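Here's input-v3.pdb, which has PDB, C-alpha atoms:
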```
ATOM      1  CA  MET A   1       3.891  -5.127 -14.049
ATOM      2  CA  THR A   2       5.398  -4.500 -17.447
ATOM      3  CA  GLY A   3       3.647  -6.092 -20.386
ATOM      4  CA  VAL A   4       0.380  -6.444 -18.454
ATOM      5  CA  ALA A   5      -2.676  -4.190 -18.664
ATOM      6  CA  VAL A   6      -2.561  -2.107 -15.484
ATOM      7  CA  ASP A   7      -5.823  -1.891 -13.565
ATOM      8  CA  ASP A   8      -5.934   0.397 -10.527
ATOM      9  CA  TYR A   9      -7.609  -2.292  -8.429
ATOM     10  CA  ASN A  10      -4.832  -4.783  -9.310
ATOM     11  CA  VAL A  11      -2.188  -2.288  -8.148
ATOM     12  CA  ILE A  12      -3.829  -1.380  -4.808
ATOM     13  CA  ILE A  13      -4.788  -4.568  -2.957
ATOM     14  CA  ARG A  14      -6.127  -3.072   0.298
ATOM     15  CA  PRO A  15      -5.563  -0.217   2.737
ATOM     16  CA  LEU A  16      -3.635  -1.095   5.880
ATOM     17  CA  ILE A  17      -5.696   0.129   8.815
ATOM     18  CA  THR A  18      -3.647   0.133  12.013
ATOM     19  CA  GLU A  19      -3.366   2.440  15.020
ATOM     20  CA  GLN A  20      -0.034   3.763  13.809
ATOM     21  CA  GLY A  21      -1.381   4.189  10.286
ATOM     22  CA  MET A  22      -4.368   6.207  11.525
ATOM     23  CA  HIS A  23      -2.040   8.391  13.595
ATOM     24  CA  PHE A  24       0.160   9.122  10.551
ATOM     25  CA  ALA A  25      -2.948   9.841   8.466
ATOM     26  CA  ASN A  26      -4.123  12.460  10.967
ATOM     27  CA  VAL A  27      -0.726  14.024  11.657
ATOM     28  CA  LYS A  28       1.240  13.711   8.399
ATOM     29  CA  GLY A  29      -1.372  12.874   5.768
ATOM     30  CA  ALA A  30       0.320   9.513   5.118
ATOM     31  CA  TYR A  31      -1.758   6.451   4.233
ATOM     32  CA  SER A  32      -0.521   2.846   4.030
ATOM     33  CA  PHE A  33      -1.587   0.296   1.418
ATOM     34  CA  GLU A  34      -0.761  -3.269   0.524
ATOM     35  CA  VAL A  35       0.151  -3.175  -3.167
ATOM     36  CA  ASN A  36       1.044  -5.596  -5.944
ATOM     37  CA  LYS A  37       4.662  -6.771  -5.596
ATOM     38  CA  LYS A  38       5.429  -5.782  -9.198
ATOM     39  CA  ALA A  39       3.918  -2.273  -9.022
ATOM     40  CA  ASN A  40       6.261   0.708  -9.152
ATOM     41  CA  LYS A  41       5.866   4.105  -7.454
ATOM     42  CA  ALA A  42       4.370   5.823 -10.503
ATOM     43  CA  GLN A  43       1.700   3.129 -10.893
ATOM     44  CA  ILE A  44       0.874   3.304  -7.175
ATOM     45  CA  LYS A  45       0.598   7.102  -7.306
ATOM     46  CA  ASN A  46      -1.696   7.046 -10.343
ATOM     47  CA  ALA A  47      -3.895   4.292  -8.876
ATOM     48  CA  VAL A  48      -4.391   6.095  -5.544
ATOM     49  CA  GLU A  49      -5.138   9.404  -7.299
ATOM     50  CA  ARG A  50      -7.769   7.791  -9.546
ATOM     51  CA  ILE A  51      -9.419   5.568  -6.910
ATOM     52  CA  TYR A  52      -9.653   8.136  -4.081
ATOM     53  CA  ASN A  53      -9.708  11.420  -6.118
ATOM     54  CA  VAL A  54      -6.758  12.936  -4.225
ATOM     55  CA  LYS A  55      -3.411  14.547  -5.105
ATOM     56  CA  VAL A  56      -0.341  12.503  -4.079
ATOM     57  CA  GLN A  57       2.912  14.248  -3.129
ATOM     58  CA  LYS A  58       5.195  11.219  -2.765
ATOM     59  CA  VAL A  59       5.211   7.449  -2.390
ATOM     60  CA  ARG A  60       7.498   5.274  -0.292
ATOM     61  CA  THR A  61       7.598   1.512  -0.769
ATOM     62  CA  ALA A  62       8.927  -1.410   1.237
ATOM     63  CA  SER A  63       9.025  -5.103   0.415
ATOM     64  CA  ARG A  64       7.989  -7.159   3.421
ATOM     65  CA  LYS A  65       9.335 -10.679   3.779
ATOM     66  CA  GLY A  66       6.943 -13.395   4.948
ATOM     67  CA  LYS A  67       7.240 -14.623   8.514
ATOM     68  CA  LEU A  68       8.328 -18.166   9.363
ATOM     69  CA  ARG A  69       5.553 -20.318  10.776
ATOM     70  CA  ARG A  70       5.414 -23.878  12.136
ATOM     71  CA  ARG A  71       2.580 -26.333  12.111
ATOM     72  CA  GLY A  72       3.810 -29.303  14.108
ATOM     73  CA  ARG A  73       7.091 -30.453  12.578
ATOM     74  CA  THR A  74       6.433 -28.725   9.266
ATOM     75  CA  LEU A  75       8.169 -25.391   8.739
ATOM     76  CA  GLY A  76       6.760 -22.867   6.276
ATOM     77  CA  ALA A  77       6.395 -19.163   5.679
ATOM     78  CA  THR A  78       3.626 -16.666   5.073
ATOM     79  CA  SER A  79       3.560 -14.862   1.738
ATOM     80  CA  SER A  80       5.863 -11.926   1.090
ATOM     81  CA  TRP A  81       4.131  -8.651   0.245
ATOM     82  CA  LYS A  82       4.787  -5.024  -0.654
ATOM     83  CA  LYS A  83       3.751  -1.999   1.395
ATOM     84  CA  ALA A  84       3.340   1.544   0.093
ATOM     85  CA  VAL A  85       3.058   4.696   2.200
ATOM     86  CA  VAL A  86       1.381   7.470   0.218
ATOM     87  CA  PHE A  87       1.757  11.105   1.308
ATOM     88  CA  LEU A  88      -1.068  13.418   0.209
ATOM     89  CA  ASP A  89      -1.188  17.179  -0.345
ATOM     90  CA  PRO A  90      -2.386  18.986   2.828
ATOM     91  CA  ASP A  91      -5.684  19.912   1.124
ATOM     92  CA  TYR A  92      -6.731  16.250   0.666
ATOM     93  CA  HIS A  93      -7.591  13.296   2.918
ATOM     94  CA  ILE A  94      -9.015   9.792   2.529
ATOM     95  CA  ASP A  95     -11.974   8.598   4.594
ATOM     96  CA  LEU A  96     -11.196   4.948   5.354
ATOM     97  CA  PHE A  97     -14.058   4.513   7.862
TER
END
```

Render the structure in this file as structure tokens.
Amino acid sequence: MTGVAVDDYNVIIRPLITEQGMHFANVKGAYSFEVNKKANKAQIKNAVERIYNVKVQKVRTASRKGKLRRRGRTLGATSSWKKAVVFLDPDYHIDLF
């Protein structure tokens, strides 16, 4: 996202709310987000800290490749996306519900 004005809501697309994600949030203080593919760890950390008013310890990212899908004879793929797992200080938590 170099050369573009960085908005926190353009960096963080949405929280990923899954059973495993909720378990990690309760046990390890780790929250998962879908983020902009061009965002780096520092931008993700700053965006989460400003949006949710928390203190972030570390950020792990993973680029997820789109899955192949068929519609009749036509073969295509879903969009690729980037996932970020954000670990918070033990004193903080995010209420997603």

(request) Can you give me, as a ChimeraX atom specification, the residues this file yields under the PyMOL selection byres ((chain A and resi 80) around 6)? (result) /A:64-66,79,81

(request) Using all atoms listed in the file, determine which residues lie at most 12 Å from range 46-53 of chain A, disregarding the query and same-chain residues fewer than 4 positions distant; provide the list as a PyMOL selection string. (result) chain A and resi 6-15+31-36+39-42+57-59+84-89+91-96

(request) Quote the spacing between CA of Lys28 in chain A and CA of Pro90 in chain A in Å to one decimal place. (result)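 According to the coordinates, CA of Lys28 in chain A and CA of Pro90 in chain A are separated by 8.5 Å.
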
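The spacing separating CA of Met22 in chain A from CA of Arg69 in chain A amounts to 28.3 Å.
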
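Across A:His23, A:Gly29, A:Leu68, A:Thr74, the tightest approach to Val54 in chain A is made by A:Gly29 when counting all atoms listed in the file.
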
(request) Kindly give the distance, in Å, that separates CA of Ile17 in chain A and CA of Lys83 in chain A, rounded to a single decimal. (result) 12.2 Å

(message) Let me make sure I understand: among A:Val27, A:Lys82, A:Lys38, A:Ala77, which one has the smallest atom-to-atom distance to Ser63 in chain A if we use only C-alpha atoms?
(response) A:Lys82

(request) Using all atoms listed in the file, pick whichever of A:Arg60, A:Phe24, A:Gly76, A:Lys67 has the shortest atom-to-atom distance to Lys45 in chain A. (result) A:Arg60
